[in-house]
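Structure file protein.pdb (PDB, N, CA and C atoms) follows.
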ATOM      1  N   MET B 895     126.335 136.602  31.173
ATOM      2  CA  MET B 895     125.692 137.498  32.111
ATOM      3  C   MET B 895     124.179 137.385  32.117
ATOM      4  N   LYS B 896     123.607 137.023  30.985
ATOM      5  CA  LYS B 896     122.155 136.921  30.922
ATOM      6  C   LYS B 896     121.643 135.861  31.883
ATOM      7  N   GLY B 897     122.332 134.740  32.006
ATOM      8  CA  GLY B 897     121.908 133.691  32.918
ATOM      9  C   GLY B 897     121.874 134.181  34.346
ATOM     10  N   GLY B 898     122.814 135.010  34.736
ATOM     11  CA  GLY B 898     122.873 135.524  36.097
ATOM     12  C   GLY B 898     121.720 136.467  36.399
ATOM     13  N   ILE B 899     121.317 137.258  35.438
ATOM     14  CA  ILE B 899     120.204 138.187  35.634
ATOM     15  C   ILE B 899     118.897 137.401  35.783
ATOM     16  N   PHE B 900     118.745 136.348  34.957
ATOM     17  CA  PHE B 900     117.545 135.525  35.045
ATOM     18  C   PHE B 900     117.441 134.847  36.407
ATOM     19  N   ILE B 901     118.534 134.328  36.911
ATOM     20  CA  ILE B 901     118.522 133.659  38.210
ATOM     21  C   ILE B 901     118.218 134.656  39.313
ATOM     22  N   ASN B 902     118.787 135.834  39.248
ATOM     23  CA  ASN B 902     118.506 136.844  40.270
ATOM     24  C   ASN B 902     117.037 137.260  40.244
ATOM     25  N   THR B 903     116.455 137.451  39.058
ATOM     26  CA  THR B 903     115.042 137.829  38.942
ATOM     27  C   THR B 903     114.153 136.698  39.452
ATOM     28  N   PHE B 904     114.476 135.463  39.073
ATOM     29  CA  PHE B 904     113.707 134.312  39.540
ATOM     30  C   PHE B 904     113.755 134.204  41.052
ATOM     31  N   MET B 905     114.909 134.432  41.650
ATOM     32  CA  MET B 905     115.047 134.351  43.104
ATOM     33  C   MET B 905     114.200 135.416  43.797
ATOM     34  N   TYR B 906     114.158 136.628  43.237
ATOM     35  CA  TYR B 906     113.347 137.694  43.833
ATOM     36  C   TYR B 906     111.854 137.339  43.755
ATOM     37  N   ILE B 907     111.429 136.810  42.635
ATOM     38  CA  ILE B 907     110.031 136.419  42.485
ATOM     39  C   ILE B 907     109.708 135.267  43.440
ATOM     40  N   PHE B 908     110.620 134.297  43.535
ATOM     41  CA  PHE B 908     110.407 133.161  44.429
ATOM     42  C   PHE B 908     110.321 133.616  45.879
ATOM     43  N   ILE B 909     111.200 134.507  46.279
ATOM     44  CA  ILE B 909     111.178 135.021  47.659
ATOM     45  C   ILE B 909     109.888 135.801  47.916
ATOM     46  N   ALA B 910     109.434 136.574  46.941
ATOM     47  CA  ALA B 910     108.204 137.346  47.107
ATOM     48  C   ALA B 910     106.993 136.406  47.231
ATOM     49  N   VAL B 911     106.933 135.362  46.409
ATOM     50  CA  VAL B 911     105.813 134.418  46.472
ATOM     51  C   VAL B 911     105.823 133.666  47.797
ATOM     52  N   MET B 912     106.986 133.209  48.228
ATOM     53  CA  MET B 912     107.085 132.494  49.504
ATOM     54  C   MET B 912     106.715 133.411  50.671
ATOM     55  N   GLY B 913     107.087 134.659  50.605
ATOM     56  CA  GLY B 913     106.705 135.624  51.641
ATOM     57  C   GLY B 913     105.201 135.809  51.683
ATOM     58  N   ALA B 914     104.578 135.859  50.499
ATOM     59  CA  ALA B 914     103.121 136.002  50.444
ATOM     60  C   ALA B 914     102.446 134.761  51.027
ATOM     61  N   VAL B 915     102.982 133.576  50.728
ATOM     62  CA  VAL B 915     102.421 132.341  51.268
ATOM     63  C   VAL B 915     102.561 132.319  52.788
ATOM     64  N   LEU B 916     103.709 132.694  53.300
ATOM     65  CA  LEU B 916     103.909 132.725  54.756
ATOM     66  C   LEU B 916     102.997 133.753  55.424
ATOM     67  N   ALA B 917     102.831 134.921  54.794
ATOM     68  CA  ALA B 917     101.939 135.940  55.350
ATOM     69  C   ALA B 917     100.490 135.428  55.366
ATOM     70  N   PHE B 918     100.081 134.748  54.308
ATOM     71  CA  PHE B 918      98.725 134.186  54.247
ATOM     72  C   PHE B 918      98.524 133.133  55.330
ATOM     73  N   MET B 919      99.520 132.272  55.513
ATOM     74  CA  MET B 919      99.421 131.239  56.543
ATOM     75  C   MET B 919      99.361 131.863  57.935
ATOM     76  N   ALA B 920     100.118 132.918  58.179
ATOM     77  CA  ALA B 920     100.080 133.589  59.479
ATOM     78  C   ALA B 920      98.712 134.238  59.706
ATOM     79  N   TYR B 921      98.143 134.815  58.647
ATOM     80  CA  TYR B 921      96.825 135.437  58.748
ATOM     81  C   TYR B 921      95.750 134.388  59.040
ATOM     82  N   MET B 922      95.819 133.251  58.348
ATOM     83  CA  MET B 922      94.815 132.210  58.525
ATOM     84  C   MET B 922      94.955 131.499  59.870
ATOM     85  N   ASN B 923      96.093 131.560  60.491
ATOM     86  CA  ASN B 923      96.282 130.925  61.782
ATOM     87  C   ASN B 923      95.393 131.560  62.851
ATOM     88  N   HIS B 924      95.058 132.822  62.699
ATOM     89  CA  HIS B 924      94.213 133.512  63.681
ATOM     90  C   HIS B 924      92.730 133.305  63.392
ATOM     91  N   HIS B 925      92.387 132.837  62.232
ATOM     92  CA  HIS B 925      90.988 132.654  61.838
ATOM     93  C   HIS B 925      90.700 131.164  61.670
ATOM     94  N   THR B 926      90.598 130.456  62.781
ATOM     95  CA  THR B 926      90.322 129.028  62.740
ATOM     96  C   THR B 926      88.954 128.755  63.341
ATOM     97  N   LEU B 927      88.491 127.536  63.251
ATOM     98  CA  LEU B 927      87.213 127.137  63.835
ATOM     99  C   LEU B 927      87.299 126.944  65.345
ATOM    100  N   ASP B 928      88.513 127.020  65.889
ATOM    101  CA  ASP B 928      88.674 126.849  67.334
ATOM    102  C   ASP B 928      88.085 128.011  68.124
ATOM    103  N   ASN B 929      87.859 129.144  67.473
ATOM    104  CA  ASN B 929      87.343 130.319  68.173
ATOM    105  C   ASN B 929      85.821 130.317  68.303
ATOM    106  N   ILE B 930      85.138 129.323  67.729
ATOM    107  CA  ILE B 930      83.681 129.251  67.816
ATOM    108  C   ILE B 930      83.303 128.682  69.174
ATOM    109  N   LYS B 931      82.445 129.388  69.868
ATOM    110  CA  LYS B 931      82.034 128.951  71.200
ATOM    111  C   LYS B 931      80.949 127.886  71.092
ATOM    112  N   ALA B 932      80.974 126.928  71.994
ATOM    113  CA  ALA B 932      79.990 125.851  72.014
ATOM    114  C   ALA B 932      78.662 126.382  72.539
ATOM    115  N   LYS B 933      77.569 125.907  71.945
ATOM    116  CA  LYS B 933      76.229 126.281  72.381
ATOM    117  C   LYS B 933      75.460 125.012  72.711
ATOM    118  N   ASN B 934      74.475 125.151  73.575
ATOM    119  CA  ASN B 934      73.607 124.019  73.872
ATOM    120  C   ASN B 934      72.753 123.707  72.654
ATOM    121  N   VAL B 935      72.558 122.447  72.376
ATOM    122  CA  VAL B 935      71.768 122.039  71.226
ATOM    123  C   VAL B 935      70.296 122.176  71.567
ATOM    124  N   GLY B 936      69.513 122.597  70.591
ATOM    125  CA  GLY B 936      68.069 122.669  70.772
ATOM    126  C   GLY B 936      67.582 124.083  70.957
ATOM    127  N   ASN B 937      67.915 124.689  72.064
ATOM    128  CA  ASN B 937      67.493 126.043  72.412
ATOM    129  C   ASN B 937      65.975 126.225  72.313
ATOM    130  N   GLY B 938      65.190 125.135  72.409
ATOM    131  CA  GLY B 938      63.742 125.239  72.455
ATOM    132  C   GLY B 938      63.043 125.482  71.140
ATOM    133  N   GLN B 939      63.735 125.453  70.009
ATOM    134  CA  GLN B 939      63.067 125.779  68.757
ATOM    135  C   GLN B 939      62.162 124.671  68.248
ATOM    136  N   HIS B 940      62.264 123.462  68.781
ATOM    137  CA  HIS B 940      61.452 122.366  68.290
ATOM    138  C   HIS B 940      60.149 122.201  69.064
ATOM    139  N   GLY B 941      59.918 122.962  70.066
ATOM    140  CA  GLY B 941      58.671 122.865  70.815
ATOM    141  C   GLY B 941      58.610 121.599  71.643
ATOM    142  N   ASN B 942      57.410 121.090  71.820
ATOM    143  CA  ASN B 942      57.203 119.887  72.623
ATOM    144  C   ASN B 942      56.925 118.711  71.697
ATOM    145  N   ALA B 943      57.957 118.061  71.229
ATOM    146  CA  ALA B 943      57.791 116.925  70.322
ATOM    147  C   ALA B 943      57.253 115.730  71.096
ATOM    148  N   ARG B 944      56.325 114.999  70.469
ATOM    149  CA  ARG B 944      55.754 113.807  71.091
ATOM    150  C   ARG B 944      55.188 112.939  69.977
ATOM    151  N   PHE B 945      54.858 111.699  70.326
ATOM    152  CA  PHE B 945      54.222 110.806  69.373
ATOM    153  C   PHE B 945      52.737 111.128  69.299
ATOM    154  N   ALA B 946      52.145 110.850  68.150
ATOM    155  CA  ALA B 946      50.716 111.107  67.963
ATOM    156  C   ALA B 946      49.898 110.082  68.738
ATOM    157  N   THR B 947      48.782 110.532  69.259
ATOM    158  CA  THR B 947      47.877 109.631  69.974
ATOM    159  C   THR B 947      47.057 108.835  68.949
ATOM    160  N   PRO B 948      46.467 107.708  69.359
ATOM    161  CA  PRO B 948      45.624 106.951  68.424
ATOM    162  C   PRO B 948      44.483 107.789  67.842
ATOM    163  N   LYS B 949      43.913 108.682  68.633
ATOM    164  CA  LYS B 949      42.836 109.542  68.138
ATOM    165  C   LYS B 949      43.353 110.463  67.029
ATOM    166  N   GLU B 950      44.552 111.032  67.216
ATOM    167  CA  GLU B 950      45.140 111.895  66.192
ATOM    168  C   GLU B 950      45.495 111.111  64.935
ATOM    169  N   LEU B 951      45.967 109.865  65.103
ATOM    170  CA  LEU B 951      46.278 109.033  63.942
ATOM    171  C   LEU B 951      45.023 108.728  63.130
ATOM    172  N   ASN B 952      43.933 108.396  63.817
ATOM    173  CA  ASN B 952      42.677 108.115  63.114
ATOM    174  C   ASN B 952      42.141 109.346  62.405
ATOM    175  N   LYS B 953      42.377 110.517  62.957
ATOM    176  CA  LYS B 953      41.923 111.752  62.328
ATOM    177  C   LYS B 953      42.800 112.121  61.126
ATOM    178  N   THR B 954      44.094 111.832  61.208
ATOM    179  CA  THR B 954      45.037 112.232  60.170
ATOM    180  C   THR B 954      45.066 111.261  58.992
ATOM    181  N   TYR B 955      45.059 109.958  59.276
ATOM    182  CA  TYR B 955      45.224 108.947  58.239
ATOM    183  C   TYR B 955      43.933 108.179  58.006
ATOM    184  N   HIS B 956      43.813 107.649  56.817
ATOM    185  CA  HIS B 956      42.680 106.798  56.470
ATOM    186  C   HIS B 956      43.160 105.359  56.552
ATOM    187  N   PHE B 957      42.605 104.579  57.460
ATOM    188  CA  PHE B 957      42.999 103.186  57.628
ATOM    189  C   PHE B 957      42.100 102.296  56.773
ATOM    190  N   LEU B 958      42.677 101.251  56.228
ATOM    191  CA  LEU B 958      41.974 100.346  55.347
ATOM    192  C   LEU B 958      42.190  98.926  55.840
ATOM    193  N   ASN B 959      41.113  98.207  56.108
ATOM    194  CA  ASN B 959      41.233  96.821  56.575
ATOM    195  C   ASN B 959      41.742  95.940  55.443
ATOM    196  N   TYR B 960      42.728  95.139  55.732
ATOM    197  CA  TYR B 960      43.336  94.249  54.734
ATOM    198  C   TYR B 960      42.627  92.911  54.776
ATOM    199  N   GLU B 961      41.760  92.682  53.786
ATOM    200  CA  GLU B 961      40.972  91.457  53.704
ATOM    201  C   GLU B 961      41.051  90.905  52.277
ATOM    202  N   PRO B 962      42.183  90.309  51.887
ATOM    203  CA  PRO B 962      42.333  89.875  50.492
ATOM    204  C   PRO B 962      41.374  88.756  50.090
ATOM    205  N   GLN B 963      40.948  87.907  51.035
ATOM    206  CA  GLN B 963      40.022  86.828  50.692
ATOM    207  C   GLN B 963      38.681  87.411  50.233
ATOM    208  N   ASN B 964      38.175  88.405  50.951
ATOM    209  CA  ASN B 964      36.924  89.059  50.558
ATOM    210  C   ASN B 964      37.096  89.856  49.265
ATOM    211  N   TRP B 965      38.238  90.498  49.087
ATOM    212  CA  TRP B 965      38.473  91.302  47.888
ATOM    213  C   TRP B 965      38.467  90.412  46.648
ATOM    214  N   ARG B 966      39.028  89.210  46.740
ATOM    215  CA  ARG B 966      39.067  88.302  45.594
ATOM    216  C   ARG B 966      37.659  87.823  45.212
ATOM    217  N   LYS B 967      36.776  87.779  46.205
ATOM    218  CA  LYS B 967      35.392  87.398  45.948
ATOM    219  C   LYS B 967      34.547  88.585  45.503
ATOM    220  N   GLY B 968      35.123  89.777  45.538
ATOM    221  CA  GLY B 968      34.382  90.975  45.145
ATOM    222  C   GLY B 968      33.595  91.590  46.275
ATOM    223  N   ILE B 969      33.866  91.164  47.499
ATOM    224  CA  ILE B 969      33.144  91.678  48.664
ATOM    225  C   ILE B 969      33.986  92.761  49.340
ATOM    226  N   ASP B 970      33.355  93.906  49.625
ATOM    227  CA  ASP B 970      33.986  94.990  50.396
ATOM    228  C   ASP B 970      35.346  95.395  49.817
ATOM    229  N   ARG B 971      35.380  95.578  48.511
ATOM    230  CA  ARG B 971      36.631  95.994  47.873
ATOM    231  C   ARG B 971      36.879  97.474  48.155
ATOM    232  N   PRO B 972      38.141  97.873  48.337
ATOM    233  CA  PRO B 972      38.424  99.282  48.614
ATOM    234  C   PRO B 972      38.144 100.154  47.393
ATOM    235  N   THR B 973      37.649 101.343  47.658
ATOM    236  CA  THR B 973      37.355 102.274  46.569
ATOM    237  C   THR B 973      38.452 103.318  46.416
ATOM    238  N   ILE B 974      39.341 103.402  47.374
ATOM    239  CA  ILE B 974      40.423 104.375  47.297
ATOM    240  C   ILE B 974      41.660 103.720  46.693
ATOM    241  N   GLN B 975      42.509 104.543  46.083
ATOM    242  CA  GLN B 975      43.760 104.060  45.531
ATOM    243  C   GLN B 975      44.891 104.889  46.105
ATOM    244  N   GLY B 976      46.057 104.293  46.186
ATOM    245  CA  GLY B 976      47.219 105.024  46.683
ATOM    246  C   GLY B 976      48.343 104.086  47.044
ATOM    247  N   THR B 977      49.440 104.661  47.436
ATOM    248  CA  THR B 977      50.614 103.912  47.857
ATOM    249  C   THR B 977      50.482 103.565  49.332
ATOM    250  N   ILE B 978      50.878 102.348  49.701
ATOM    251  CA  ILE B 978      50.799 101.929  51.103
ATOM    252  C   ILE B 978      51.968 102.546  51.865
ATOM    253  N   LEU B 979      51.670 103.367  52.860
ATOM    254  CA  LEU B 979      52.696 104.004  53.684
ATOM    255  C   LEU B 979      53.129 103.119  54.841
ATOM    256  N   GLY B 980      52.218 102.331  55.369
ATOM    257  CA  GLY B 980      52.524 101.500  56.525
ATOM    258  C   GLY B 980      51.316 100.659  56.893
ATOM    259  N   TYR B 981      51.396 100.033  58.039
ATOM    260  CA  TYR B 981      50.282  99.202  58.497
ATOM    261  C   TYR B 981      50.257  99.180  60.011
ATOM    262  N   ARG B 982      49.114  98.787  60.548
ATOM    263  CA  ARG B 982      48.941  98.597  61.985
ATOM    264  C   ARG B 982      48.356  97.208  62.173
ATOM    265  N   GLU B 983      49.023  96.400  62.971
ATOM    266  CA  GLU B 983      48.623  95.010  63.136
ATOM    267  C   GLU B 983      48.003  94.803  64.511
ATOM    268  N   THR B 984      46.853  94.156  64.521
ATOM    269  CA  THR B 984      46.197  93.736  65.756
ATOM    270  C   THR B 984      46.074  92.214  65.691
ATOM    271  N   PRO B 985      45.718  91.551  66.788
ATOM    272  CA  PRO B 985      45.651  90.081  66.756
ATOM    273  C   PRO B 985      44.736  89.520  65.669
ATOM    274  N   ARG B 986      43.651  90.187  65.348
ATOM    275  CA  ARG B 986      42.699  89.645  64.371
ATOM    276  C   ARG B 986      42.630  90.429  63.074
ATOM    277  N   LEU B 987      43.321  91.544  62.981
ATOM    278  CA  LEU B 987      43.111  92.424  61.844
ATOM    279  C   LEU B 987      44.418  93.102  61.448
ATOM    280  N   LEU B 988      44.589  93.303  60.163
ATOM    281  CA  LEU B 988      45.718  94.059  59.633
ATOM    282  C   LEU B 988      45.141  95.275  58.919
ATOM    283  N   ARG B 989      45.515  96.451  59.372
ATOM    284  CA  ARG B 989      44.989  97.683  58.789
ATOM    285  C   ARG B 989      46.109  98.396  58.039
ATOM    286  N   LEU B 990      45.839  98.740  56.791
ATOM    287  CA  LEU B 990      46.810  99.428  55.940
ATOM    288  C   LEU B 990      46.632 100.930  56.042
ATOM    289  N   VAL B 991      47.725 101.664  55.832
ATOM    290  CA  VAL B 991      47.678 103.127  55.812
ATOM    291  C   VAL B 991      48.093 103.571  54.404
ATOM    292  N   PRO B 992      47.110 103.810  53.527
ATOM    293  CA  PRO B 992      47.464 104.257  52.176
ATOM    294  C   PRO B 992      47.646 105.769  52.106
ATOM    295  N   ASP B 993      48.480 106.203  51.168
ATOM    296  CA  ASP B 993      48.634 107.624  50.873
ATOM    297  C   ASP B 993      47.630 107.939  49.785
ATOM    298  N   ILE B 994      46.561 108.649  50.118
ATOM    299  CA  ILE B 994      45.464 108.851  49.165
ATOM    300  C   ILE B 994      45.556 110.185  48.439
ATOM    301  N   LYS B 995      46.702 110.859  48.524
ATOM    302  CA  LYS B 995      46.858 112.118  47.794
ATOM    303  C   LYS B 995      46.928 111.834  46.305
ATOM    304  N   LYS B 996      46.460 112.776  45.521
ATOM    305  CA  LYS B 996      46.507 112.606  44.077
ATOM    306  C   LYS B 996      47.940 112.693  43.589
ATOM    307  N   ALA B 997      48.287 111.833  42.667
ATOM    308  CA  ALA B 997      49.643 111.848  42.099
ATOM    309  C   ALA B 997      49.793 113.072  41.200
ATOM    310  N   ARG B 998      50.981 113.630  41.189
ATOM    311  CA  ARG B 998      51.225 114.828  40.359
ATOM    312  C   ARG B 998      51.724 114.439  39.022
TER     313      ARG B 998
END

Could you spell out this file's structure in structure tokens?
Amino acid sequence: MKGGIFINTFMYIFIAVMGAVLAFMAYMNHHTLDNIKAKNVGNGQHGNARFATPKELNKTYHFLNYEPQNWRKGIDRPTIQGTILGYRETPRLLRLVPDIKKAR
């Protein structure tokens, strides 16, 4: 008889757990991401984005003429130090853009 009582108790617990799982699944079926309404991207929070003008670039960054032949001779050596962020190339000149902020 003990085996029969154990099986009956196990079945009741199993049915209760399965009922809870089914109730949870039914509840979650109503709370999906499908109910989120689509919105237009942007909504104007970024303002008027544009590229910087050459005048703004010259004001913001310090350009350094790349002249390694003169530097090796000790002529017109740069006095600033920093990491090279980029460069601007013209037909006769290569200008470097160093990051002149102090290292932390």

Review point. CA of Glu961 (chain B) and atom N of Arg986 (chain B) are how many Å apart?
Key: 12.0 Å

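Pairwise distance (atom N of Gly980 (chain B), atom N of Pro992 (chain B)) equals 5.6 Å.
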
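Counting from atom C of Arg971 (chain B), the distance to CA of Leu958 (chain B) is 9.3 Å.
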
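Remark: for Leu990 (chain B), the closest of the candidate residues B:Thr947, B:Asn959, B:Thr954, B:Asn902 is B:Asn959 (distances computed over all atoms listed in the file).
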
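Using all atoms listed in the file, the shortest contact distance between Val991 (chain B) and any of B:His956, B:Pro972, B:Pro962, B:Lys931 is found at B:His956.
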
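Distances to Leu951 (chain B) were evaluated for B:Lys995, B:Leu916, B:Tyr981, B:Ile930 using only C-alpha atoms, and the minimum falls at B:Tyr981.
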